[in-house]
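Student: Sending over a structure as structure tokens; questions will come in a sec.
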Amino acid sequence: MPDVFADLVGQDEAVTELRRAAAAAAAVLRAAATDRTPALVAAGEAETGAGAPDPGTGMTHAWIFTGPPGSGRSVAARAFAAALQCAYGTGCGECPGCHTTLGGTNADVRLVVPEGLSIGVNEMRALVLRAASTPSGGRWQVVVIEDADRLTEAAGNALLKAIEEPPPRTVFLLCAPSTHPDDISVTIRSRCRVVPLRQPPATAVAEVLVRRDGIAPDVARWAAAAAQGHVGRARRLARDPEARKRREAVLAVPRRLTGVGAAFDAASALIEAAEAEAEASVAEADTAERAALETALGAGGTGRGAAGAIRGAAGQLKELEKRQKSRATRAQRDALDRALVDLAGFYRDALTMALRAPVDPVHTDTAALAGAGAQKWDAEGSLRRLEAVLACRAAIEANVKPRIAVEAMMLALWKG
Ligand SMILES: [Zn+2]
């Protein structure tokens with residue numbers, strides 16, 4: 001039976017560090033349980049690093065998992081949470097503590113997954129308050145914050161207060177792309193221990209697709225290369241024909257750029273495809289949420305007091321719609337970004353071929369096309385096109401309207 005860290009692909013160093021910390025955390029609990037002299041218990045508390053992060057091998061109250069998209073930040077955080085709740089302190093993968101944590105039902109593990117563009121201050125305050133209570137399972141209160149880079153400034157401050165004066169049994173696990181001040185405030189960063197994850201090599205990704213998901217080795221190899229180290233995306237490409245179709249449409253872009261009109265058409269097609277993908281990904285959740293809220297509000301009620309209830313309900317429905325709109329915007333940006341990463345892979349292939357660099361192409365299925373591009377554009381032209389794609393990503397990240405950024409990119413790709 002594989003333990004809770006088995007799904008962390010190609011991250012040996014991080015896994016070693018997390019195993020050590022989980023063992024240290026278990027030792028702290030044992031010391032408290034055997035009720036040794038206060039001095040020893042105090043030493044245990046010091047070992048947990050209450051206050052300042054411990055740069056050594058012990059336990060720490062606040063962690064940041066960083067790494068590129070798909071490297072497994074949230075997988076690592078959840079696995080570590082499971083190891084902290086594990087009855088054996090190892091993350092055995094079999095005990096109730098491991099099971100309930102990985103299954104999302106452990107009463108002492110709170111998972112924050114932002115649905116909109118940011119995590120708000122009210123959500124954070126409520127979370128911090130609940131995290132301060134005594135763990136019901138007698139081990140740790142664990143708070144996992146995925147995409148901590150999407151905290152609002154006020155929410156970040158609320159979190160910082162809790163990290164600065166952590167309740168003795170509370171552990172915060174933050175996930176963010178990097179520790180750049182744009183992602184995580186410097187003060188939060190200074191209070192956390194950082195676990196850097198790397199982009200897993202394609203061979204490691206392919207291996208896990210075969211072992212865990214039962215995907216055929218040749219399909220797994222292709223998907224791992226095409227997904228450029230993103231484990232979740234590799235799995236989707238291997239399994240979902242729609243995802244493959246969308247990728248093919250994106251990789252058809254370079255061939256279609258035959259003039260100004262074609263460039264604008266390609267921009268529209270890319271934006272609309274991202275919108276459609278995002279809509280499909282959130283539609284189900286939207287409908288379910290609305291139905292649940294309507295049931296809770298007793299929609300269609302006619303009894304006394306129904307009018308007042310409807311007035312209150314209108315406000316709640318409006319709030320829900322606002323949240324759903326924000327989630328849809330995020331989903332669109334994520335879908336467009338995936339498309340841009342695919343496109344960047346194509347021009348990267350053209351560049352490496354023009355340079356005759358001895359590296360495998362990202363997209364084996366369009367390698368011939370990239371080779372033709374390399375001949376026509378040479379290294380310099382290929383590099384300019386790659387930079388145009390990366391500039392488009394950066395512009396969208398900096399809040400330029402996606403359509404404007406994509407149109408500018410398509411024109412640059414066409415002109416070269
Ligand atoms: Zn366990």
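Residue names in the structure tokens use chain letters A, B, ... in the order shown, residue numbers from 1 in each chain, and ligand numbers from 1 in the order shown.
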Just the alpha helix (DSSP H) stuff from stretch 291-407 of chain A, please, per backbone DSSP, written as a ChimeraX atom specification.

Tutor: /A:291-297,306-354,367-397,402-407

Student: Where does chain A meet ligand 1 within 8 Å, residue by residue, with the nearest atom pair and distance in Å to one decimal for each, counting only C-alpha atoms and all ligand atoms, listed by chain and rising number, as a tab-separated table?

Tutor:
residue	atom	partner	partner_atom_place_in_ligand_line	distance
A:Asp3	CA	ligand 1	1 (Zn)	8.0
A:Ala82	CA	ligand 1	1 (Zn)	7.1
A:Ala83	CA	ligand 1	1 (Zn)	6.4
A:Gln85	CA	ligand 1	1 (Zn)	7.2
A:Cys86	CA	ligand 1	1 (Zn)	3.7
A:Ala87	CA	ligand 1	1 (Zn)	5.2
A:Tyr88	CA	ligand 1	1 (Zn)	5.7
A:Gly89	CA	ligand 1	1 (Zn)	6.7
A:Thr90	CA	ligand 1	1 (Zn)	6.3
A:Gly91	CA	ligand 1	1 (Zn)	4.4
A:Cys92	CA	ligand 1	1 (Zn)	3.9
A:Gly93	CA	ligand 1	1 (Zn)	4.9
A:Glu94	CA	ligand 1	1 (Zn)	5.2
A:Cys95	CA	ligand 1	1 (Zn)	4.1
A:Pro96	CA	ligand 1	1 (Zn)	6.7
A:Gly97	CA	ligand 1	1 (Zn)	5.6
A:Cys98	CA	ligand 1	1 (Zn)	4.4
A:His99	CA	ligand 1	1 (Zn)	7.3

Student: I'd like to know which of A:Ser326, A:Ala263, A:Gly371, A:Arg239 is closest to A:Val210, using only C-alpha atoms.

Tutor: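 Of A:Ser326, A:Ala263, A:Gly371, A:Arg239, the one nearest A:Val210 is A:Arg239, counting only C-alpha atoms.
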
Student: Using only C-alpha atoms, pick whichever of A:Ala21, A:Val406, A:Ala280, A:Val113 has the shortest atom-to-atom distance to A:Val143.

Tutor: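 For A:Val143, the nearest of the given residues is A:Val113.
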
Student: With distances taken over only C-alpha atoms, which of A:Arg246, A:Leu151, A:Pro196, A:Glu17 is nearest to A:Leu340?

Tutor: A:Arg246

Student: Could you give me, as a ChimeraX atom specification, the residues within 7 Å of stretch 264-271 of chain A, counting only C-alpha atoms and dropping anything in the same chain fewer than 6 positions from it?

Tutor: /A:253,336,403,406-407,410

Student: Counting only C-alpha atoms, which residue out of A:Cys192, A:Gln199, A:Val28, A:Pro358 sits closest to A:His230?

Tutor: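 Using only C-alpha atoms, the shortest distance to A:His230 belongs to A:Gln199.
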
Student: Restricting the calculation to only C-alpha atoms: of A:Pro68, A:Ala62, A:Arg290, A:Glu242, which residue gets closest to A:Ser190?

Tutor: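 For A:Ser190, the nearest of the given residues is A:Ala62.
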
Student: Quick one: of A:Leu317, A:Leu127, A:Ala148, A:Leu386, who's nearest to A:Pro181, counting only C-alpha atoms?

Tutor: A:Ala148

Student: Would you tabulate, counting only C-alpha atoms, all residues of stretch 156-242 of chain A that have an atom at most 12 Å from an atom of stretch 71-78 of chain A, showing the closest pair of atoms and their distance in Å to one decimal, sorted by chain then ascending number, as CSV?

Tutor:
residue,atom,partner,partner_atom,distance
A:Val171,CA,A:Ala77,CA,11.0
A:Phe172,CA,A:Ala77,CA,9.6
A:Leu173,CA,A:Ala77,CA,6.2
A:Leu174,CA,A:Ala77,CA,7.6
A:Cys175,CA,A:Arg73,CA,5.8
A:Ala176,CA,A:Arg73,CA,7.5
A:Pro177,CA,A:Arg73,CA,8.3
A:Ser178,CA,A:Arg73,CA,10.5
A:Val194,CA,A:Arg73,CA,11.4
A:Val195,CA,A:Arg73,CA,9.1
A:Pro196,CA,A:Arg73,CA,8.8
A:Leu197,CA,A:Ser71,CA,6.4
A:Arg198,CA,A:Ser71,CA,6.2
A:Gln199,CA,A:Ser71,CA,5.2
A:Pro200,CA,A:Ser71,CA,6.3
A:Pro201,CA,A:Ser71,CA,9.8
A:Ala202,CA,A:Ser71,CA,11.3
A:Ala204,CA,A:Ser71,CA,11.4
A:Val205,CA,A:Ser71,CA,9.9
A:Ala227,CA,A:Ser71,CA,11.3
A:Gln228,CA,A:Ser71,CA,10.2
A:Gly229,CA,A:Ser71,CA,7.0
A:His230,CA,A:Ser71,CA,6.1
A:Val231,CA,A:Ser71,CA,6.8
A:Gly232,CA,A:Gly72,CA,8.7
A:Arg233,CA,A:Ser71,CA,10.6
A:Ala234,CA,A:Ser71,CA,11.5

Student: Could you please determine the separation between atom CA of A:Leu383 and atom CA of A:Ala350 in Å, to one decimal place?

Tutor: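 Atom CA of A:Ala350 lies at a distance of 8.4 Å from atom CA of A:Leu383.
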
Student: Enumerate the residues of stretch 79-177 of chain A with a DSSP assignment of strand (DSSP E), computed from the backbone, and present them as a PyMOL selection string.

Tutor: chain A and resi 109-112+141-145+170-176

Student: Give me, please, the distance in Å between atom CA of A:Val250 and atom CA of A:Glu207, quoted to one decimal.

Tutor: 26.4 Å

Student: Interatomic distance between atom CA of A:Ala206 and atom CA of A:Ala220?

Tutor: 4.8 Å
